[in-house]
>>> print(open('data.txt').read())   # compact mmCIF, C-alpha atoms
# COMPACT_ATOMS: atom_id res chain seq x y z
CA MET A 1 55.01 100.66 146.49
CA ILE A 2 51.48 102.09 146.40
CA GLU A 3 49.94 102.41 142.93
CA VAL A 4 48.13 105.73 142.52
CA CYS A 5 46.44 107.11 139.41
CA CYS A 6 46.00 110.80 138.65
CA ALA A 7 44.15 112.77 135.98
CA ILE A 8 45.52 115.72 134.10
CA ILE A 9 42.14 117.06 133.07
CA VAL A 10 42.44 119.47 130.15
CA LYS A 11 39.99 122.12 129.00
CA GLU A 12 41.08 124.33 126.13
CA ASP A 13 44.58 125.51 127.13
CA LYS A 14 44.16 124.88 130.87
CA ILE A 15 44.64 121.99 133.29
CA LEU A 16 42.76 121.25 136.50
CA ALA A 17 44.58 121.36 139.83
CA THR A 18 43.02 120.39 143.18
CA ARG A 19 44.16 121.34 146.68
CA ARG A 20 44.50 118.69 149.36
CA SER A 21 42.20 119.26 152.33
CA PRO A 22 43.29 119.73 155.97
CA GLY A 23 43.89 116.36 157.60
CA MET A 24 45.06 114.71 154.38
CA HIS A 25 48.68 113.67 153.75
CA LEU A 26 50.34 116.77 152.21
CA ALA A 27 47.41 118.99 153.22
CA GLY A 28 47.44 122.34 151.43
CA PHE A 29 49.55 121.11 148.51
CA TRP A 30 48.10 121.09 145.01
CA GLU A 31 47.85 117.96 142.92
CA PHE A 32 46.21 116.26 140.00
CA PRO A 33 43.12 114.48 141.37
CA GLY A 34 43.03 110.71 141.61
CA GLY A 35 43.69 107.92 144.06
CA LYS A 36 44.83 104.40 144.83
CA THR A 37 43.94 101.44 142.64
CA GLU A 38 41.73 98.84 144.26
CA THR A 39 42.38 95.10 144.08
CA GLY A 40 41.56 93.74 140.62
CA GLU A 41 41.05 97.22 139.14
CA THR A 42 42.95 98.46 136.10
CA ALA A 43 44.60 101.89 136.22
CA GLU A 44 42.07 103.13 133.64
CA GLU A 45 39.12 101.90 135.72
CA CYS A 46 40.69 103.47 138.81
CA ILE A 47 41.05 106.97 137.39
CA ILE A 48 37.51 107.01 135.99
CA ARG A 49 36.13 105.86 139.38
CA GLU A 50 38.28 108.24 141.43
CA ILE A 51 37.34 111.31 139.38
CA ARG A 52 33.65 110.40 139.62
CA GLU A 53 33.99 109.98 143.43
CA GLU A 54 36.20 113.04 144.11
CA LEU A 55 34.86 115.56 141.59
CA ASN A 56 31.49 114.23 140.38
CA LEU A 57 32.84 114.27 136.82
CA ASP A 58 32.74 111.78 133.99
CA ILE A 59 35.95 111.73 131.99
CA SER A 60 37.42 110.07 128.94
CA ILE A 61 41.07 109.16 128.77
CA ILE A 62 43.04 110.79 125.95
CA HIS A 63 46.29 108.97 126.72
CA GLN A 64 48.52 107.77 129.55
CA LEU A 65 51.86 109.34 130.42
CA GLN A 66 54.84 107.38 131.73
CA PRO A 67 54.38 106.54 135.43
CA VAL A 68 56.46 108.40 138.04
CA GLU A 69 58.05 106.82 141.10
CA HIS A 70 58.23 109.04 144.14
CA HIS A 71 59.52 108.29 147.62
CA TYR A 72 58.06 110.26 150.50
CA PRO A 73 59.59 109.67 153.96
CA GLU A 74 56.53 107.66 155.05
CA LYS A 75 55.67 105.85 151.78
CA SER A 76 56.61 105.23 148.18
CA ILE A 77 54.16 105.63 145.31
CA LEU A 78 53.99 104.81 141.63
CA LEU A 79 51.94 107.65 140.18
CA ILE A 80 50.23 106.75 136.90
CA PRO A 81 49.10 109.91 135.07
CA PHE A 82 46.33 110.05 132.49
CA VAL A 83 45.56 113.02 130.27
CA CYS A 84 41.74 113.28 130.24
CA ARG A 85 38.83 115.43 129.18
CA ILE A 86 35.48 115.97 130.89
CA THR A 87 32.52 114.25 129.23
CA GLY A 88 29.85 115.02 131.84
CA GLY A 89 29.01 116.35 135.28
CA GLN A 90 29.88 119.51 137.19
CA ILE A 91 32.76 119.83 139.62
CA ASP A 92 31.61 119.03 143.15
CA LEU A 93 34.57 118.62 145.54
CA THR A 94 34.31 115.75 148.03
CA ASP A 95 37.99 115.28 149.04
CA HIS A 96 39.66 118.57 148.13
CA SER A 97 39.31 122.07 149.56
CA GLU A 98 39.69 124.00 146.30
CA TYR A 99 40.26 123.68 142.58
CA ARG A 100 41.68 125.90 139.85
CA TRP A 101 41.94 125.82 136.08
CA LEU A 102 45.51 126.87 135.27
CA ALA A 103 47.15 128.00 132.06
CA LYS A 104 50.78 126.95 131.53
CA LYS A 105 52.07 130.36 132.70
CA GLU A 106 50.11 129.97 135.99
CA ILE A 107 51.47 126.52 136.92
CA SER A 108 54.17 127.95 139.21
CA SER A 109 51.66 130.15 141.09
CA ILE A 110 50.75 127.26 143.43
CA ILE A 111 52.73 124.79 145.54
CA TRP A 112 52.51 121.33 144.00
CA ALA A 113 52.91 118.00 145.80
CA PRO A 114 56.41 116.68 144.99
CA ALA A 115 55.25 113.64 142.97
CA ASP A 116 52.95 115.85 140.90
CA ILE A 117 55.85 118.14 139.97
CA LYS A 118 57.42 115.16 138.18
CA VAL A 119 54.11 114.54 136.37
CA LEU A 120 53.94 118.21 135.33
CA MET A 121 57.42 117.99 133.86
CA ARG A 122 56.47 114.87 131.86
CA TYR A 123 53.25 116.49 130.68
CA PHE A 124 54.93 119.64 129.42
CA GLN A 125 57.64 117.64 127.66
CA LYS A 126 54.82 116.14 125.55
CA HIS A 127 52.47 119.14 125.23
>>> encode(input="data.txt", output="structure tokens")
Amino acid sequence: MIEVCCAIIVKEDKILATRRSPGMHLAGFWEFPGGKTETGETAEECIIREIREELNLDISIIHQLQPVEHHYPEKSILLIPFVCRITGGQIDLTDHSEYRWLAKKEISSIIWAPADIKVLMRYFQKH
């Protein structure tokens, strides 16, 4: 099982969604940004590093949500979601093709990666 961290970045009443670039696994699907933990790295360290690398943003963690297990045909992941806020930087995409700030009513306007749908459900149970 691959351990992956993701950030639900909140700003006012919106959350940040990023679109996977062509050539990536699940290209074209939308997700919460993040990535795999490296050896010896905590989940918290991972999400801060990944968001800095992928979006050029500094974030602070508000809290962690319960991890989600998801099984794709080619791999299984444990997705560890963190609710975060931006503390510095400007969005500069390095891995994704697009980003959007979405209000709750706009969440269903895009096609989410299957594991991220489970995270969305957990997030909206709490918020």
>>> closest_atom_pairs(input="data.txt", of="stretch 10-70 of chain A", to="stretch 104-121 of chain A", cutoff="12 Å", atoms="all atoms listed in the file", output="JSON lines")
{"residue": "A:Val10", "atom": "CA", "partner": "A:Lys104", "partner_atom": "CA", "distance": 11.3}
{"residue": "A:Glu12", "atom": "CA", "partner": "A:Lys104", "partner_atom": "CA", "distance": 11.4}
{"residue": "A:Asp13", "atom": "CA", "partner": "A:Lys104", "partner_atom": "CA", "distance": 7.7}
{"residue": "A:Lys14", "atom": "CA", "partner": "A:Lys104", "partner_atom": "CA", "distance": 7.0}
{"residue": "A:Ile15", "atom": "CA", "partner": "A:Lys104", "partner_atom": "CA", "distance": 8.1}
{"residue": "A:Leu16", "atom": "CA", "partner": "A:Ile107", "partner_atom": "CA", "distance": 10.2}
{"residue": "A:Ala17", "atom": "CA", "partner": "A:Trp112", "partner_atom": "CA", "distance": 9.0}
{"residue": "A:Thr18", "atom": "CA", "partner": "A:Trp112", "partner_atom": "CA", "distance": 9.6}
{"residue": "A:Arg19", "atom": "CA", "partner": "A:Trp112", "partner_atom": "CA", "distance": 8.8}
{"residue": "A:Arg20", "atom": "CA", "partner": "A:Ala113", "partner_atom": "CA", "distance": 9.2}
{"residue": "A:His25", "atom": "CA", "partner": "A:Ala113", "partner_atom": "CA", "distance": 10.0}
{"residue": "A:Leu26", "atom": "CA", "partner": "A:Ala113", "partner_atom": "CA", "distance": 7.0}
{"residue": "A:Ala27", "atom": "CA", "partner": "A:Ala113", "partner_atom": "CA", "distance": 9.3}
{"residue": "A:Gly28", "atom": "CA", "partner": "A:Ile111", "partner_atom": "CA", "distance": 8.3}
{"residue": "A:Phe29", "atom": "CA", "partner": "A:Ala113", "partner_atom": "CA", "distance": 5.3}
{"residue": "A:Trp30", "atom": "CA", "partner": "A:Trp112", "partner_atom": "CA", "distance": 4.5}
{"residue": "A:Glu31", "atom": "CA", "partner": "A:Ala113", "partner_atom": "CA", "distance": 5.8}
{"residue": "A:Phe32", "atom": "CA", "partner": "A:Asp116", "partner_atom": "CA", "distance": 6.8}
{"residue": "A:Pro33", "atom": "CA", "partner": "A:Asp116", "partner_atom": "CA", "distance": 9.9}
{"residue": "A:Gly34", "atom": "CA", "partner": "A:Asp116", "partner_atom": "CA", "distance": 11.2}
{"residue": "A:Gln64", "atom": "CA", "partner": "A:Val119", "partner_atom": "CA", "distance": 11.1}
{"residue": "A:Leu65", "atom": "CA", "partner": "A:Val119", "partner_atom": "CA", "distance": 8.2}
{"residue": "A:Gln66", "atom": "CA", "partner": "A:Val119", "partner_atom": "CA", "distance": 8.6}
{"residue": "A:Pro67", "atom": "CA", "partner": "A:Val119", "partner_atom": "CA", "distance": 8.1}
{"residue": "A:Val68", "atom": "CA", "partner": "A:Val119", "partner_atom": "CA", "distance": 6.8}
{"residue": "A:Glu69", "atom": "CA", "partner": "A:Ala115", "partner_atom": "CA", "distance": 7.6}
{"residue": "A:His70", "atom": "CA", "partner": "A:Ala115", "partner_atom": "CA", "distance": 5.6}
>>> closest_residue(input="data.txt", among="A:Met1, A:Arg100, A:Ile86, A:Cys6", to="A:Cys46", atoms="all atoms listed in the file")
A:Cys6
>>> residues_around(input="data.txt", residues="A:Ile8", least_positions_apart="6", cutoff="6 Å", atoms="all atoms listed in the file", output="compact mmCIF listing (two decimals) with C-alpha atoms, in the frame of the given file")
# COMPACT_ATOMS: atom_id res chain seq x y z
CA PHE A 32 46.21 116.26 140.00
CA PHE A 82 46.33 110.05 132.49
CA VAL A 83 45.56 113.02 130.27
CA CYS A 84 41.74 113.28 130.24
>>> closest_residue(input="data.txt", among="A:Pro81, A:Pro73, A:Gly23, A:Gly89", to="A:Glu3", atoms="all atoms listed in the file")
A:Pro81
>>> decode(input="data.txt", residues="chain A", atoms="C-alpha atoms", output="compact mmCIF listing (two decimals), in the first residue's frame")
# COMPACT_ATOMS: atom_id res chain seq x y z
CA MET A 1 0.00 0.00 0.00
CA ILE A 2 1.41 3.37 -1.06
CA GLU A 3 1.08 6.16 1.52
CA VAL A 4 -0.01 9.42 -0.11
CA CYS A 5 -0.81 12.73 1.59
CA CYS A 6 -3.20 15.33 0.22
CA ALA A 7 -4.12 18.88 1.20
CA ILE A 8 -7.62 20.25 1.36
CA ILE A 9 -6.56 23.88 1.15
CA VAL A 10 -9.32 26.20 2.34
CA LYS A 11 -9.79 29.89 1.63
CA GLU A 12 -12.94 31.51 2.98
CA ASP A 13 -15.75 29.15 1.89
CA LYS A 14 -13.80 27.51 -0.97
CA ILE A 15 -11.42 24.59 -1.40
CA LEU A 16 -8.60 24.18 -3.90
CA ALA A 17 -8.80 21.47 -6.56
CA THR A 18 -5.99 20.66 -9.02
CA ARG A 19 -6.23 18.82 -12.34
CA ARG A 20 -3.82 16.01 -13.14
CA SER A 21 -1.65 16.71 -16.19
CA PRO A 22 -1.49 14.60 -19.37
CA GLY A 23 0.87 11.67 -18.87
CA MET A 24 0.09 11.33 -15.17
CA HIS A 25 -1.87 8.40 -13.70
CA LEU A 26 -5.55 9.50 -13.88
CA ALA A 27 -4.70 12.38 -16.23
CA GLY A 28 -7.52 14.91 -16.51
CA PHE A 29 -9.10 13.98 -13.18
CA TRP A 30 -9.27 16.53 -10.39
CA GLU A 31 -7.74 15.95 -6.99
CA PHE A 32 -6.48 17.50 -3.81
CA PRO A 33 -2.77 18.22 -4.34
CA GLY A 34 -0.15 16.17 -2.54
CA GLY A 35 2.06 13.16 -3.04
CA LYS A 36 3.86 10.12 -1.68
CA THR A 37 5.68 10.14 1.64
CA GLU A 38 9.42 9.68 1.43
CA THR A 39 11.39 7.29 3.64
CA GLY A 40 11.69 8.66 7.19
CA GLU A 41 9.25 11.51 6.52
CA THR A 42 6.14 12.09 8.61
CA ALA A 43 2.81 12.67 6.86
CA GLU A 44 2.85 16.28 8.09
CA GLU A 45 6.33 16.88 6.68
CA CYS A 46 5.27 15.25 3.42
CA ILE A 47 2.25 17.45 2.79
CA ILE A 48 4.15 20.66 3.56
CA ARG A 49 6.97 19.60 1.18
CA GLU A 50 4.63 18.41 -1.58
CA ILE A 51 2.56 21.61 -1.60
CA ARG A 52 5.73 23.71 -1.70
CA GLU A 53 7.04 21.60 -4.64
CA GLU A 54 3.77 21.33 -6.61
CA LEU A 55 2.17 24.72 -5.98
CA ASN A 56 4.93 27.00 -4.62
CA LEU A 57 2.80 27.57 -1.50
CA ASP A 58 3.57 27.54 2.18
CA ILE A 59 0.77 26.03 4.24
CA SER A 60 -0.15 25.39 7.83
CA ILE A 61 -2.07 22.31 8.85
CA ILE A 62 -5.41 22.95 10.56
CA HIS A 63 -6.15 19.29 11.23
CA GLN A 64 -5.93 15.80 9.74
CA LEU A 65 -8.93 13.83 8.53
CA GLN A 66 -9.22 10.05 8.79
CA PRO A 67 -7.13 8.34 6.08
CA VAL A 68 -8.89 6.69 3.13
CA GLU A 69 -7.90 3.37 1.57
CA HIS A 70 -8.48 3.11 -2.15
CA HIS A 71 -7.69 0.27 -4.53
CA TYR A 72 -7.05 1.15 -8.16
CA PRO A 73 -6.54 -1.77 -10.58
CA GLU A 74 -2.79 -1.08 -10.75
CA LYS A 75 -2.10 0.00 -7.13
CA SER A 76 -3.53 0.53 -3.67
CA ILE A 77 -3.09 3.76 -1.74
CA LEU A 78 -3.66 5.04 1.76
CA LEU A 79 -4.63 8.67 1.24
CA ILE A 80 -3.97 10.85 4.29
CA PRO A 81 -5.90 14.14 4.03
CA PHE A 82 -4.97 17.35 5.82
CA VAL A 83 -7.14 20.44 6.01
CA CYS A 84 -4.75 23.37 5.50
CA ARG A 85 -4.55 27.10 4.92
CA ILE A 86 -2.07 29.10 2.84
CA THR A 87 0.50 31.06 4.84
CA GLY A 88 2.67 32.29 1.95
CA GLY A 89 3.51 32.14 -1.73
CA GLN A 90 1.47 32.35 -4.92
CA ILE A 91 0.12 29.37 -6.83
CA ASP A 92 2.61 28.26 -9.49
CA LEU A 93 1.67 24.86 -10.95
CA THR A 94 4.56 22.45 -11.55
CA ASP A 95 2.72 19.09 -11.75
CA HIS A 96 -0.88 20.00 -12.56
CA SER A 97 -2.47 21.50 -15.66
CA GLU A 98 -5.08 23.66 -13.92
CA TYR A 99 -6.49 24.67 -10.56
CA ARG A 100 -9.81 25.99 -9.31
CA TRP A 101 -11.20 27.38 -6.08
CA LEU A 102 -14.56 25.69 -5.58
CA ALA A 103 -17.48 26.47 -3.31
CA LYS A 104 -19.42 23.50 -1.92
CA LYS A 105 -22.14 23.86 -4.58
CA GLU A 106 -19.47 23.67 -7.34
CA ILE A 107 -17.82 20.44 -6.13
CA SER A 108 -19.81 18.24 -8.53
CA SER A 109 -18.94 20.44 -11.55
CA ILE A 110 -15.65 18.56 -12.07
CA ILE A 111 -14.66 14.89 -12.31
CA TRP A 112 -12.75 13.87 -9.20
CA ALA A 113 -10.23 11.04 -8.89
CA PRO A 114 -11.99 8.14 -7.13
CA ALA A 115 -9.88 8.24 -3.94
CA ASP A 116 -10.46 11.98 -3.63
CA ILE A 117 -14.24 11.48 -3.76
CA LYS A 118 -13.94 9.52 -0.50
CA VAL A 119 -11.89 12.38 1.00
CA LEU A 120 -14.54 14.91 -0.11
CA MET A 121 -17.24 12.88 1.62
CA ARG A 122 -15.21 12.78 4.86
CA TYR A 123 -14.48 16.50 4.64
CA PHE A 124 -18.11 17.49 4.19
CA GLN A 125 -19.21 15.21 7.04
CA LYS A 126 -17.02 17.37 9.30
CA HIS A 127 -17.52 20.83 7.72
